[in-house]
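**Student:** Enclosed is the structure file structure-v1.pdb (PDB, C-alpha atoms).
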```pdb
ATOM      1  CA  MET A  60      -6.198  19.993   0.665
ATOM      2  CA  ASP A  61      -9.285  18.299  -0.735
ATOM      3  CA  THR A  62      -8.301  19.334  -4.267
ATOM      4  CA  TYR A  63      -4.785  17.924  -3.827
ATOM      5  CA  ALA A  64      -6.174  14.662  -2.442
ATOM      6  CA  ASP A  65      -8.686  14.385  -5.283
ATOM      7  CA  ASP A  66      -5.963  15.102  -7.861
ATOM      8  CA  LEU A  67      -3.827  12.359  -6.337
ATOM      9  CA  ALA A  68      -6.807   9.982  -6.424
ATOM     10  CA  ALA A  69      -7.372  10.772 -10.103
ATOM     11  CA  LEU A  70      -3.704  10.056 -10.844
ATOM     12  CA  ILE A  71      -3.743   6.780  -8.904
ATOM     13  CA  ASP A  72      -6.954   5.733 -10.652
ATOM     14  CA  THR A  73      -5.711   6.755 -14.111
ATOM     15  CA  LEU A  74      -2.471   4.822 -13.654
ATOM     16  CA  ASP A  75      -4.450   1.957 -12.087
ATOM     17  CA  LEU A  76      -1.998   1.742  -9.202
ATOM     18  CA  HIS A  77      -2.369  -0.906  -6.511
ATOM     19  CA  ASP A  78      -0.289  -1.435  -3.369
ATOM     20  CA  ALA A  79       1.242   2.014  -3.791
ATOM     21  CA  VAL A  80       3.331   3.581  -1.047
ATOM     22  CA  LEU A  81       2.693   7.289  -0.719
ATOM     23  CA  VAL A  82       5.525   9.459   0.622
ATOM     24  CA  GLY A  83       4.760  12.988   1.756
ATOM     25  CA  HIS A  84       7.416  15.516   2.765
ATOM     26  CA  SER A  85       6.587  18.813   4.444
ATOM     27  CA  SER A  86       3.172  19.984   3.249
ATOM     28  CA  GLY A  87       2.975  16.827   1.102
ATOM     29  CA  GLY A  88       2.277  14.972   4.336
ATOM     30  CA  GLY A  89      -1.045  16.752   4.472
ATOM     31  CA  ASP A  90      -1.759  15.645   0.911
ATOM     32  CA  VAL A  91      -1.083  12.010   1.794
ATOM     33  CA  THR A  92      -3.159  12.064   4.964
ATOM     34  CA  ARG A  93      -6.052  13.884   3.283
ATOM     35  CA  TYR A  94      -5.958  11.396   0.394
ATOM     36  CA  ILE A  95      -6.279   8.495   2.843
ATOM     37  CA  GLY A  96      -9.027  10.283   4.752
ATOM     38  CA  ARG A  97     -11.051  10.999   1.611
ATOM     39  CA  HIS A  98     -10.287   7.983  -0.567
ATOM     40  CA  GLY A  99      -9.315   5.213   1.829
ATOM     41  CA  THR A 100      -6.502   2.701   1.580
ATOM     42  CA  SER A 101      -7.788   0.184  -0.958
ATOM     43  CA  ARG A 102      -5.008   1.087  -3.422
ATOM     44  CA  ILE A 103      -2.406   1.975  -0.800
ATOM     45  CA  ALA A 104       0.060  -0.443   0.808
ATOM     46  CA  GLY A 105       1.554   2.193   3.072
ATOM     47  CA  ALA A 106       2.255   5.816   3.771
ATOM     48  CA  VAL A 107       5.434   7.575   4.861
ATOM     49  CA  LEU A 108       5.363  11.062   6.335
ATOM     50  CA  VAL A 109       8.789  12.721   6.276
ATOM     51  CA  ASP A 110       9.051  15.859   8.407
ATOM     52  CA  ALA A 111       5.422  16.430   7.528
ATOM     53  CA  ILE A 112       3.366  19.471   8.335
ATOM     54  CA  PRO A 113      -0.016  18.510   9.741
ATOM     55  CA  PRO A 114      -3.109  19.663   7.884
ATOM     56  CA  LEU A 115      -3.840  22.084  10.734
ATOM     57  CA  LEU A 116      -0.983  23.996  12.338
ATOM     58  CA  LEU A 117      -3.068  26.404  14.413
ATOM     59  CA  LYS A 118      -3.638  25.797  18.114
ATOM     60  CA  THR A 119      -7.348  25.275  18.633
ATOM     61  CA  GLU A 120      -9.551  23.476  21.094
ATOM     62  CA  ALA A 121      -9.456  20.454  18.790
ATOM     63  CA  ASN A 122      -5.689  20.833  18.194
ATOM     64  CA  PRO A 123      -4.212  21.869  21.579
ATOM     65  CA  GLY A 124      -0.666  20.994  20.482
ATOM     66  CA  GLY A 125      -0.777  23.487  17.625
ATOM     67  CA  THR A 126       1.001  26.808  17.278
ATOM     68  CA  PRO A 127      -0.632  29.878  18.844
ATOM     69  CA  ILE A 128      -2.125  32.387  16.397
ATOM     70  CA  GLU A 129       0.288  35.052  17.669
ATOM     71  CA  ALA A 130       3.187  33.231  16.001
ATOM     72  CA  PHE A 131       1.425  33.347  12.643
ATOM     73  CA  ASP A 132       0.376  36.953  13.174
ATOM     74  CA  GLY A 133       4.046  37.806  13.737
ATOM     75  CA  GLN A 134       5.080  36.067  10.531
ATOM     76  CA  ARG A 135       2.378  37.813   8.519
ATOM     77  CA  ALA A 136       3.397  41.192   9.969
ATOM     78  CA  ALA A 137       7.063  40.507   9.125
ATOM     79  CA  ILE A 138       6.153  39.565   5.554
ATOM     80  CA  LEU A 139       4.092  42.728   5.134
ATOM     81  CA  ALA A 140       6.847  44.880   6.635
ATOM     82  CA  ASP A 141       9.719  43.490   4.508
ATOM     83  CA  ARG A 142       8.969  40.329   2.592
ATOM     84  CA  SER A 143      12.468  39.956   1.199
ATOM     85  CA  GLN A 144      14.144  40.244   4.594
ATOM     86  CA  PHE A 145      11.657  37.817   6.130
ATOM     87  CA  TYR A 146      12.627  35.076   3.661
ATOM     88  CA  LYS A 147      16.340  35.793   4.091
ATOM     89  CA  GLU A 148      16.031  35.405   7.858
ATOM     90  CA  ILE A 149      13.701  32.395   7.884
ATOM     91  CA  SER A 150      16.071  30.464   5.623
ATOM     92  CA  ALA A 151      18.430  29.843   8.565
ATOM     93  CA  PRO A 152      16.002  27.963  10.838
ATOM     94  CA  PHE A 153      14.258  26.370   7.833
ATOM     95  CA  TYR A 154      17.485  24.608   6.816
ATOM     96  CA  GLY A 155      18.995  24.366  10.307
ATOM     97  CA  ALA A 156      21.742  26.808   9.346
ATOM     98  CA  ASN A 157      21.409  28.428  12.752
ATOM     99  CA  ARG A 158      22.562  25.275  14.557
ATOM    100  CA  PRO A 159      26.116  24.722  15.781
ATOM    101  CA  GLY A 160      28.204  22.816  13.245
ATOM    102  CA  SER A 161      25.796  23.480  10.383
ATOM    103  CA  THR A 162      27.267  23.062   6.907
ATOM    104  CA  VAL A 163      24.336  24.670   5.072
ATOM    105  CA  SER A 164      25.826  26.936   2.420
ATOM    106  CA  GLN A 165      24.844  30.505   1.738
ATOM    107  CA  GLY A 166      23.978  29.327  -1.771
ATOM    108  CA  VAL A 167      21.253  27.035  -0.420
ATOM    109  CA  ARG A 168      19.850  29.871   1.670
ATOM    110  CA  ASP A 169      19.996  32.225  -1.316
ATOM    111  CA  MET A 170      18.110  29.723  -3.483
ATOM    112  CA  PHE A 171      15.418  29.426  -0.802
ATOM    113  CA  TRP A 172      15.121  33.217  -0.821
ATOM    114  CA  LEU A 173      14.855  33.281  -4.622
ATOM    115  CA  TRP A 174      12.149  30.609  -4.678
ATOM    116  CA  SER A 175      10.262  32.399  -1.909
ATOM    117  CA  MET A 176      10.402  35.741  -3.693
ATOM    118  CA  GLN A 177       8.894  34.128  -6.796
ATOM    119  CA  LEU A 178       5.719  33.204  -4.932
ATOM    120  CA  SER A 179       2.771  35.249  -6.104
ATOM    121  CA  ASP A 180       0.889  34.912  -2.811
ATOM    122  CA  PRO A 181       2.502  36.867   0.028
ATOM    123  CA  PHE A 182       0.838  34.463   2.467
ATOM    124  CA  PRO A 183       1.310  31.075   0.770
ATOM    125  CA  PHE A 184       0.339  29.117   3.868
ATOM    126  CA  SER A 185      -2.323  31.402   5.310
ATOM    127  CA  GLU A 186      -5.226  29.140   4.347
ATOM    128  CA  LYS A 187      -3.456  26.129   5.817
ATOM    129  CA  ILE A 188      -2.711  28.079   9.016
ATOM    130  CA  ASN A 189      -6.353  29.079   9.348
ATOM    131  CA  GLY A 190      -7.533  25.567   8.575
ATOM    132  CA  THR A 191      -9.385  26.536   5.401
ATOM    133  CA  ARG A 192      -7.195  24.740   2.849
TER     134      ARG A 192
END
```
Do you think you could lay out the structure here as structure tokens?

**Tutor:**
Amino acid sequence: MDTYADDLAALIDTLDLHDAVLVGHSSGGGDVTRYIGRHGTSRIAGAVLVDAIPPLLLKTEANPGGTPIEAFDGQRAAILADRSQFYKEISAPFYGANRPGSTVSQGVRDMFWLWSMQLSDPFPFSEKINGTR
């Protein structure tokens, strides 16, 4: 997260931006919040977090509202057991396709699966889950 925040700072400095509004979606919310934490708000007019993932997802003493480690252990085990099937199944709740009245197409879910299968790291969020990224 520090690297992402520092990269964003370098971009903002290089472009000499002032009064910028940073918008972070999903894990990008962590980038925005880490940028502000590391580099302040002197060049920033505002920040918008859209369905953002916090920098620390894991339930800890300092983050009691987080997700228990058992949930992440289950996901890691499912990925190791059958990575392809894991991404096929997780596409439904990820896009809300498992909700009544959903109009999410199978094509969208298939594209999510394809993108996920192209990841080189079988645990792309493991560092974030453990609070080390």

**Student:** I'd like the neighbourhood of Gly124 in chain A as a list in words, where a residue qualifies if any of its atoms comes within 12 Å (using all atoms listed in the file), though same-chain residues fewer than 5 positions away should be ignored.

**Tutor:**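 Contacts, with the query itself left out: Pro113, Leu115, Leu116, Leu117, Lys118 and Thr119 of chain A.
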
**Student:** What does the structure give for the distance between CA of Arg93 in chain A and CA of Tyr63 in chain A, in Å to one decimal?

**Tutor:**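 It comes out at 8.3 Å.
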
**Student:** With all atoms listed in the file as the basis for distance, which of A:Thr62, A:Thr92, A:Gln134, A:Ser86 is at the shortest distance from Ala106 in chain A?

**Tutor:**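 With all atoms listed in the file as the atom set, the closest residue is A:Thr92.
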
**Student:** Please indicate the distance in Å from CA of Phe153 in chain A to CA of Gly125 in chain A, rounded to one decimal place.

**Tutor:** 18.2 Å

**Student:** What does the distance from CA of Val107 in chain A to CA of Asp66 in chain A come to in Å, to one decimal?

**Tutor:**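 Distance reported for this atom pair: 18.7 Å.
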
**Student:** Near range 99-103 of chain A, within 6 Å and counting all atoms listed in the file, which residues show up once chain neighbours fewer than 6 positions away are dropped, as an MDAnalysis selection string?

**Tutor:** chainID A and resid 77:80

**Student:** Quick one: residues within 12 Å of range 139-150 of chain A, all atoms listed in the file, excluding same-chain residues fewer than 3 positions away - as an NGL selection string?

**Tutor:** :A and (132-136 or 153-157 or 163-182)

**Student:** Please write as a ChimeraX atom specification the full residue list that the PyMOL selection byres ((chain A and resi 84) around 8) yields on this file.

**Tutor:** /A:82-83,85-88,108-112
